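Asks: Just run36.cif, nothing more (mmCIF, C-alpha atoms and all ligand atoms):
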```cif
data_input
loop_
_atom_site.label_atom_id
_atom_site.label_comp_id
_atom_site.auth_asym_id
_atom_site.auth_seq_id
_atom_site.Cartn_x
_atom_site.Cartn_y
_atom_site.Cartn_z
CA MET O 11 -47.17 -18.55 47.61
CA ALA O 12 -48.53 -18.34 44.04
CA GLN O 13 -52.17 -17.99 45.03
CA ARG O 14 -51.36 -15.03 47.27
CA PHE O 15 -50.48 -12.67 44.42
CA SER O 16 -53.28 -10.24 43.79
CA THR O 17 -53.19 -8.36 40.51
CA ILE O 18 -54.70 -4.98 39.67
CA TRP O 19 -54.81 -4.18 35.96
CA MET O 20 -54.85 -0.51 34.98
CA ASP O 21 -55.62 0.83 31.52
CA SER O 22 -53.02 3.57 31.80
CA VAL O 23 -50.50 4.76 34.38
CA ASP O 24 -47.23 6.70 34.31
CA SER O 25 -45.16 3.91 35.87
CA THR O 26 -46.33 0.79 37.68
CA ASN O 27 -43.39 1.13 40.11
CA SER O 28 -44.50 4.68 40.95
CA GLU O 29 -48.12 3.56 41.27
CA ILE O 30 -47.13 0.95 43.84
CA VAL O 31 -45.38 3.67 45.86
CA ARG O 32 -48.48 5.89 45.74
CA ARG O 33 -50.72 3.04 46.86
CA LEU O 34 -48.41 1.63 49.53
CA PRO O 35 -50.82 2.23 52.44
CA GLU O 36 -53.44 -0.01 50.84
CA LEU O 37 -51.25 -2.69 49.25
CA ASP O 38 -50.33 -6.00 50.84
CA ASN O 39 -47.26 -8.12 50.31
CA LEU O 40 -47.39 -9.73 46.81
CA SER O 41 -49.68 -7.10 45.30
CA VAL O 42 -49.14 -6.69 41.59
CA ILE O 43 -49.96 -3.64 39.48
CA ALA O 44 -49.96 -4.18 35.72
CA ALA O 45 -50.66 -1.58 33.04
CA VAL O 46 -51.98 -1.89 29.50
CA ASP O 47 -50.33 1.44 28.74
CA GLN O 48 -47.44 2.81 30.75
CA THR O 49 -46.87 6.43 29.78
CA ALA O 50 -43.66 7.24 31.67
CA GLY O 51 -42.03 3.87 32.36
CA ARG O 52 -38.74 4.07 34.20
CA GLY O 53 -35.68 2.00 33.35
CA GLN O 54 -32.26 1.46 34.86
CA ARG O 55 -29.61 4.20 34.86
CA GLY O 56 -32.35 6.87 34.73
CA ASN O 57 -33.48 5.72 31.28
CA SER O 58 -37.10 5.64 30.21
CA TRP O 59 -38.90 2.42 29.28
CA LYS O 60 -41.20 2.94 26.32
CA VAL O 61 -43.32 0.20 24.82
CA GLU O 62 -46.24 -0.15 22.44
CA PRO O 63 -49.46 0.11 24.50
CA GLY O 64 -51.19 -3.24 24.98
CA ALA O 65 -48.48 -5.27 23.28
CA ASN O 66 -46.21 -6.09 26.19
CA LEU O 67 -46.16 -6.77 29.89
CA THR O 68 -45.34 -3.86 32.18
CA PHE O 69 -45.97 -4.65 35.82
CA SER O 70 -44.62 -4.29 39.34
CA VAL O 71 -44.72 -6.63 42.31
CA LEU O 72 -44.62 -5.39 45.89
CA LEU O 73 -42.70 -7.48 48.40
CA ARG O 74 -42.95 -6.71 52.09
CA PHE O 75 -40.45 -8.29 54.45
CA GLY O 76 -40.87 -9.18 58.10
CA GLY O 77 -44.08 -9.56 60.12
CA ASP O 78 -46.78 -11.23 57.98
CA GLY O 79 -44.69 -10.74 54.87
CA LEU O 80 -41.62 -12.53 53.58
CA ALA O 81 -38.82 -13.69 55.86
CA PRO O 82 -36.40 -10.83 56.58
CA VAL O 83 -33.56 -10.32 54.11
CA HIS O 84 -30.39 -8.57 55.25
CA ALA O 85 -29.41 -5.50 53.24
CA ARG O 86 -26.14 -7.13 52.18
CA GLU O 87 -28.13 -10.03 50.69
CA GLN O 88 -30.52 -7.89 48.68
CA PHE O 89 -29.12 -9.15 45.38
CA CYS O 90 -30.97 -12.41 46.03
CA ILE O 91 -34.17 -10.59 45.00
CA SER O 92 -32.63 -9.71 41.63
CA MET O 93 -31.38 -13.25 41.16
CA ALA O 94 -34.74 -14.82 42.02
CA THR O 95 -36.55 -12.42 39.67
CA ALA O 96 -34.14 -13.08 36.83
CA LEU O 97 -34.26 -16.86 37.25
CA ALA O 98 -38.04 -16.86 37.35
CA GLN O 99 -38.05 -15.11 33.99
CA VAL O 100 -35.51 -17.53 32.49
CA GLU O 101 -37.73 -20.42 33.60
CA TYR O 102 -40.87 -18.74 32.32
CA PHE O 103 -39.32 -18.05 28.91
CA ALA O 104 -38.10 -21.66 28.76
CA SER O 105 -41.70 -22.78 29.36
CA ARG O 106 -42.53 -20.88 26.15
CA GLY O 107 -39.69 -22.53 24.23
CA ILE O 108 -37.45 -19.46 24.49
CA ALA O 109 -33.85 -19.86 25.64
CA ALA O 110 -32.88 -16.85 27.73
CA SER O 111 -30.01 -15.89 29.98
CA VAL O 112 -29.37 -13.24 32.60
CA LYS O 113 -27.18 -10.35 31.63
CA TRP O 114 -25.84 -9.08 34.93
CA PRO O 115 -27.37 -7.69 36.96
CA ASN O 116 -30.89 -8.53 35.82
CA ASP O 117 -31.56 -7.94 32.12
CA ILE O 118 -32.91 -10.95 30.31
CA TYR O 119 -31.29 -11.70 26.99
CA CYS O 120 -31.94 -14.11 24.15
CA ARG O 121 -28.56 -14.48 22.51
CA ASN O 122 -27.50 -10.83 22.10
CA ARG O 123 -30.96 -9.31 22.27
CA LYS O 124 -32.87 -7.98 25.24
CA ILE O 125 -36.31 -9.47 25.84
CA SER O 126 -36.97 -8.11 29.33
CA GLY O 127 -35.77 -5.37 31.66
CA VAL O 128 -36.10 -5.14 35.42
CA LEU O 129 -36.07 -2.19 37.78
CA ILE O 130 -35.93 -3.23 41.42
CA GLU O 131 -36.36 -0.52 44.04
CA ASN O 132 -35.55 -1.67 47.58
CA THR O 133 -36.25 0.26 50.75
CA LEU O 134 -33.95 -0.44 53.66
CA SER O 135 -34.86 -0.24 57.30
CA GLY O 136 -31.86 -0.60 59.59
CA SER O 137 -29.82 -3.54 58.35
CA GLY O 138 -32.72 -5.21 56.54
CA ILE O 139 -34.96 -4.65 53.56
CA SER O 140 -38.45 -3.53 54.50
CA ARG O 141 -39.90 -3.62 51.01
CA SER O 142 -38.99 -4.23 47.43
CA ILE O 143 -40.75 -3.12 44.28
CA ILE O 144 -39.91 -5.40 41.38
CA GLY O 145 -40.76 -3.69 38.10
CA ILE O 146 -40.64 -5.89 35.01
CA GLY O 147 -41.02 -4.93 31.36
CA MET O 148 -41.27 -8.03 29.16
CA ASN O 149 -41.44 -7.73 25.41
CA VAL O 150 -44.31 -9.99 24.42
CA ASN O 151 -46.16 -9.12 21.19
CA GLN O 152 -44.28 -6.05 19.97
CA THR O 153 -42.58 -6.72 16.64
CA GLU O 154 -41.29 -3.27 15.72
CA PHE O 155 -39.05 -1.24 17.99
CA PRO O 156 -37.73 2.31 17.85
CA PRO O 157 -34.30 2.44 16.16
CA GLN O 158 -32.66 4.03 19.20
CA LEU O 159 -33.11 0.76 21.15
CA LEU O 160 -29.91 -1.18 20.64
CA ASN O 161 -30.98 -4.79 20.47
CA PRO O 162 -34.59 -5.48 21.48
CA VAL O 163 -36.48 -8.69 20.82
CA SER O 164 -39.86 -10.04 21.87
CA MET O 165 -41.52 -13.41 22.39
CA ALA O 166 -43.55 -12.85 19.21
CA VAL O 167 -40.43 -12.09 17.15
CA LEU O 168 -38.72 -15.23 18.44
CA THR O 169 -41.62 -17.68 18.12
CA GLY O 170 -43.86 -16.13 15.47
CA LYS O 171 -46.80 -16.49 17.91
CA ARG O 172 -49.07 -13.90 19.50
CA TYR O 173 -49.78 -14.08 23.22
CA ASP O 174 -52.57 -13.08 25.55
CA VAL O 175 -50.57 -10.71 27.77
CA ARG O 176 -52.81 -11.11 30.82
CA GLY O 177 -52.62 -14.88 30.54
CA GLU O 178 -48.84 -14.68 30.33
CA LEU O 179 -48.68 -12.64 33.55
CA ASP O 180 -50.85 -15.26 35.23
CA ALA O 181 -48.45 -17.94 33.99
CA PHE O 182 -45.37 -16.05 35.18
CA LEU O 183 -46.43 -15.16 38.72
CA PRO O 184 -46.46 -18.71 40.16
CA ILE O 185 -42.94 -19.19 38.80
CA LEU O 186 -41.85 -15.96 40.47
CA GLY O 187 -43.60 -17.17 43.64
CA ARG O 188 -41.52 -20.36 43.69
CA HIS O 189 -38.30 -18.40 43.32
CA LEU O 190 -39.30 -15.98 46.08
CA GLU O 191 -40.06 -18.98 48.25
CA MET O 192 -36.49 -20.16 47.70
CA ILE O 193 -34.92 -16.94 48.98
CA GLN O 194 -36.75 -17.34 52.30
CA THR O 195 -34.00 -19.64 53.57
CA GLU O 196 -30.21 -19.54 53.64
CA GLU O 197 -30.06 -22.85 51.77
CA GLY O 198 -32.49 -21.62 49.13
CA ARG O 199 -30.52 -18.41 48.63
CA LYS O 200 -27.41 -20.51 48.06
CA LYS O 201 -29.22 -22.57 45.41
CA VAL O 202 -30.52 -19.42 43.73
CA ALA O 203 -26.99 -17.99 43.62
CA GLU O 204 -25.65 -21.20 42.05
CA LYS O 205 -28.45 -21.33 39.50
CA TYR O 206 -27.90 -17.66 38.66
CA LEU O 207 -24.32 -18.39 37.60
CA GLU O 208 -25.49 -21.31 35.46
CA HIS O 209 -27.82 -19.00 33.54
CA MET O 210 -25.55 -16.02 33.29
CA TYR O 211 -25.02 -14.37 29.92
CA ALA O 212 -21.37 -14.51 28.78
CA PHE O 213 -20.24 -16.40 31.89
CA GLY O 214 -16.64 -17.59 31.44
CA GLU O 215 -16.35 -16.19 27.90
CA SER O 216 -13.53 -13.89 26.92
CA ARG O 217 -15.31 -10.57 26.30
CA THR O 218 -14.67 -6.87 26.00
CA PHE O 219 -16.00 -4.68 28.81
CA ILE O 220 -15.85 -0.95 29.42
CA ASP O 221 -14.54 0.29 32.76
CA CYS O 222 -16.99 3.14 33.37
CA SER O 223 -14.54 4.97 35.67
CA ASP O 224 -12.29 5.88 32.72
CA GLY O 225 -14.31 4.73 29.69
CA LYS O 226 -11.51 2.33 28.68
CA PRO O 227 -12.17 -1.11 27.21
CA PHE O 228 -10.58 -4.20 28.66
CA THR O 229 -10.79 -7.93 28.00
CA GLY O 230 -11.79 -10.39 30.66
CA LYS O 231 -14.01 -13.26 31.74
CA ILE O 232 -16.90 -13.19 34.17
CA THR O 233 -16.05 -15.57 37.00
CA GLY O 234 -18.95 -14.91 39.37
CA VAL O 235 -20.92 -12.47 41.47
CA THR O 236 -20.19 -11.46 45.06
CA PRO O 237 -22.94 -11.97 47.69
CA GLU O 238 -23.62 -8.21 47.39
CA GLY O 239 -24.15 -8.59 43.65
CA ARG O 240 -20.86 -7.14 42.40
CA LEU O 241 -19.66 -8.62 39.12
CA ARG O 242 -16.38 -10.57 39.32
CA ILE O 243 -14.20 -10.35 36.23
CA GLU O 244 -10.79 -11.90 35.69
CA THR O 245 -8.96 -9.68 33.23
CA ALA O 246 -6.83 -11.03 30.38
CA GLU O 247 -3.80 -9.97 32.45
CA GLY O 248 -4.97 -12.17 35.33
CA ALA O 249 -6.21 -9.41 37.68
CA LEU O 250 -9.34 -10.21 39.70
CA ARG O 251 -11.65 -7.23 39.67
CA GLU O 252 -15.11 -6.53 41.10
CA PHE O 253 -17.61 -4.03 39.77
CA ALA O 254 -20.80 -2.58 41.17
CA PHE O 255 -23.72 -1.73 38.88
CA LYS O 256 -22.86 1.24 36.62
CA GLU O 257 -19.12 0.68 37.12
CA VAL O 258 -18.79 -1.63 34.12
CA SER O 259 -20.63 -2.20 30.88
CA PHE O 260 -20.63 -4.96 28.29
CA VAL O 261 -19.61 -4.45 24.68
CA LEU O 262 -22.24 -6.45 22.81
C1 LIG W 301 -34.38 -1.49 32.21
O1 LIG W 301 -33.90 -0.36 32.04
O2 LIG W 301 -33.99 -2.47 31.58
C2 LIG W 301 -35.46 -1.68 33.23
C3 LIG W 301 -36.81 -1.50 32.66
C4 LIG W 301 -37.91 -1.73 33.66
C5 LIG W 301 -39.25 -1.40 33.10
C6 LIG W 301 -40.37 -1.83 34.00
S1 LIG W 301 -41.93 -1.75 33.16
C7 LIG W 301 -42.77 -1.96 34.67
C8 LIG W 301 -42.02 -1.20 35.73
N1 LIG W 301 -42.47 0.18 35.81
C9 LIG W 301 -41.52 1.04 35.45
O3 LIG W 301 -41.65 2.28 35.41
N2 LIG W 301 -40.41 0.37 35.13
C10 LIG W 301 -40.56 -1.05 35.28
#
```
Since I need it in another form, could you write the structure as C-alpha cells?
Ligand code: BTN

Replies:
Amino acid sequence: MAQRFSTIWMDSVDSTNSEIVRRLPELDNLSVIAAVDQTAGRGQRGNSWKVEPGANLTFSVLLRFGGDGLAPVHAREQFCISMATALAQVEYFASRGIAASVKWPNDIYCRNRKISGVLIENTLSGSGISRSIIGIGMNVNQTEFPPQLLNPVSMAVLTGKRYDVRGELDAFLPILGRHLEMIQTEEGRKKVAEKYLEHMYAFGESRTFIDCSDGKPFTGKITGVTPEGRLRIETAEGALREFAFKEVSFVL
C-alpha cells in the first residue's frame, strides 16, 4: 500500500484537512496534502493548531472506502482508523529513538508532553464510512512554543537533532500504510485494538480525570476502550464507566 500514497506539497494553505475537502473531486484514495505553512490549522474540540512555518509536519491523508478504495469499514468500527493512525505514529517515533504513547483518543505523548495531534474527519454513508480525512500535526523541528500551549514537545527537543521534514513524511507514510492494511480485515482490526491498549498513555494507572458533564474530578484507572472508541475507566469506588470524546479529560 505504501507506494500508492501520492503527496502534494503546498507552500501555504489554511488547513490541509480543508484543502482535501475542496479538492475531493480530483483526489484518489491515499492522496496526501502537506503544507509548509498552515495558516488556519484546525485542532480537536474546535481549537486552532498553530505551528512555526516550515518547522513541523502538517498534512492530511484521504482514505476512500469501498469500490477501488479500502475495504469497507462499518460506522461502529470507525475508531479503528484512529487506532491505526496513532499506532503508526508510535512506531514511527520509535524508529527515531523516541518513546511515545497514545493519549486517548489519538494524541501522541512523550511522557507528559504532546508531540503530535490528530484530527480525523469521517464521512458516513449509510452504515459505513465513505471517506476519512486524517489530519496530522507532528512537532518536528520547532524548539520554542507559545506559552498558552500546555505541554508541547518536538522531535528536535527530545533528540537534539534537526530533521528534513519532507523526508520524515516519506518515512512515516509506509508505516501508516502498513497499519491501514491491518484494518482491512477483522483479524487485523483485533490486533490493532490489542496493540492500541499496549501503547496507551496512563493505561492501568491510578489517575485523576475530570467528568466534563459536571466539571468534577474523580480518581480511576483506564481499563480499555470499547469497539466504538469510548474510554473505559474503573473508578476508585469500583464503578465501571464509559466516556465518549469530550465527556472526560485527563489531569496531567
Ligand atoms: C489536535 O487538536 O490535537 C489536533 C491537531 C490536528 C492538526 C492537524 S495539522 C494538519 C491537519 N490540518 C488541520 O487543519 N488540522 C490537522

Asks: Would you list the residues near (-33.3, -9.4, 32.1), meaning any protein, DNA or RNA residue with an atom at most 10 Å from that point in file coordinates, counting all atoms listed in the file, as a ChimeraX atom specification?

Replies: /O:92,95-97,99-100,110-120,124-129,146-148,211

Asks: The selected residues should be written to file as a compact mmCIF listing (two decimals), in the frame of the given file (atoms: C-alpha atoms).

Replies:
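What ended up in part_29.txt:
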```
# COMPACT_ATOMS: atom_id res chain seq x y z
CA SER O 92 -32.63 -9.71 41.63
CA THR O 95 -36.55 -12.42 39.67
CA ALA O 96 -34.14 -13.08 36.83
CA LEU O 97 -34.26 -16.86 37.25
CA GLN O 99 -38.05 -15.11 33.99
CA VAL O 100 -35.51 -17.53 32.49
CA ALA O 110 -32.88 -16.85 27.73
CA SER O 111 -30.01 -15.89 29.98
CA VAL O 112 -29.37 -13.24 32.60
CA LYS O 113 -27.18 -10.35 31.63
CA TRP O 114 -25.84 -9.08 34.93
CA PRO O 115 -27.37 -7.69 36.96
CA ASN O 116 -30.89 -8.53 35.82
CA ASP O 117 -31.56 -7.94 32.12
CA ILE O 118 -32.91 -10.95 30.31
CA TYR O 119 -31.29 -11.70 26.99
CA CYS O 120 -31.94 -14.11 24.15
CA LYS O 124 -32.87 -7.98 25.24
CA ILE O 125 -36.31 -9.47 25.84
CA SER O 126 -36.97 -8.11 29.33
CA GLY O 127 -35.77 -5.37 31.66
CA VAL O 128 -36.10 -5.14 35.42
CA LEU O 129 -36.07 -2.19 37.78
CA ILE O 146 -40.64 -5.89 35.01
CA GLY O 147 -41.02 -4.93 31.36
CA MET O 148 -41.27 -8.03 29.16
CA TYR O 211 -25.02 -14.37 29.92
```

Asks: What does the list of residues within 9 Å of ligand LIG 301 (chain W) look like if you count all atoms listed in the file, written as a VMD selection string?

Replies: chain O and resid 24 to 29 43 to 45 48 to 61 67 to 71 116 to 118 124 126 to 130 143 to 148

Asks: Tell me which of O:His189, O:Arg14, O:Arg106, O:Lys200 sits closest to Val150 in chain O, counting only C-alpha atoms.

Replies: O:Arg106

Asks: Would you mind listing what lies within 6 Å of range 165-167 of chain O as an MDAnalysis selection string, with only C-alpha atoms counted and same-chain residues fewer than 3 positions away left out?

Replies: chainID O and resid 150:151 153 170:172

Asks: If I take CA of Leu134 in chain O and CA of Thr236 in chain O, how far is one from the other in Å, to one decimal?

Replies: 19.6 Å

Asks: For CA of Leu179 in chain O and CA of Glu36 in chain O, quote the distance in Å rounded to one decimal.

Replies: 21.9 Å

Asks: Please indicate the distance in Å from CA of Thr218 in chain O to CA of Glu247 in chain O, rounded to one decimal place.

Replies: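 Between CA of Thr218 in chain O and CA of Glu247 in chain O the gap is 13.0 Å.
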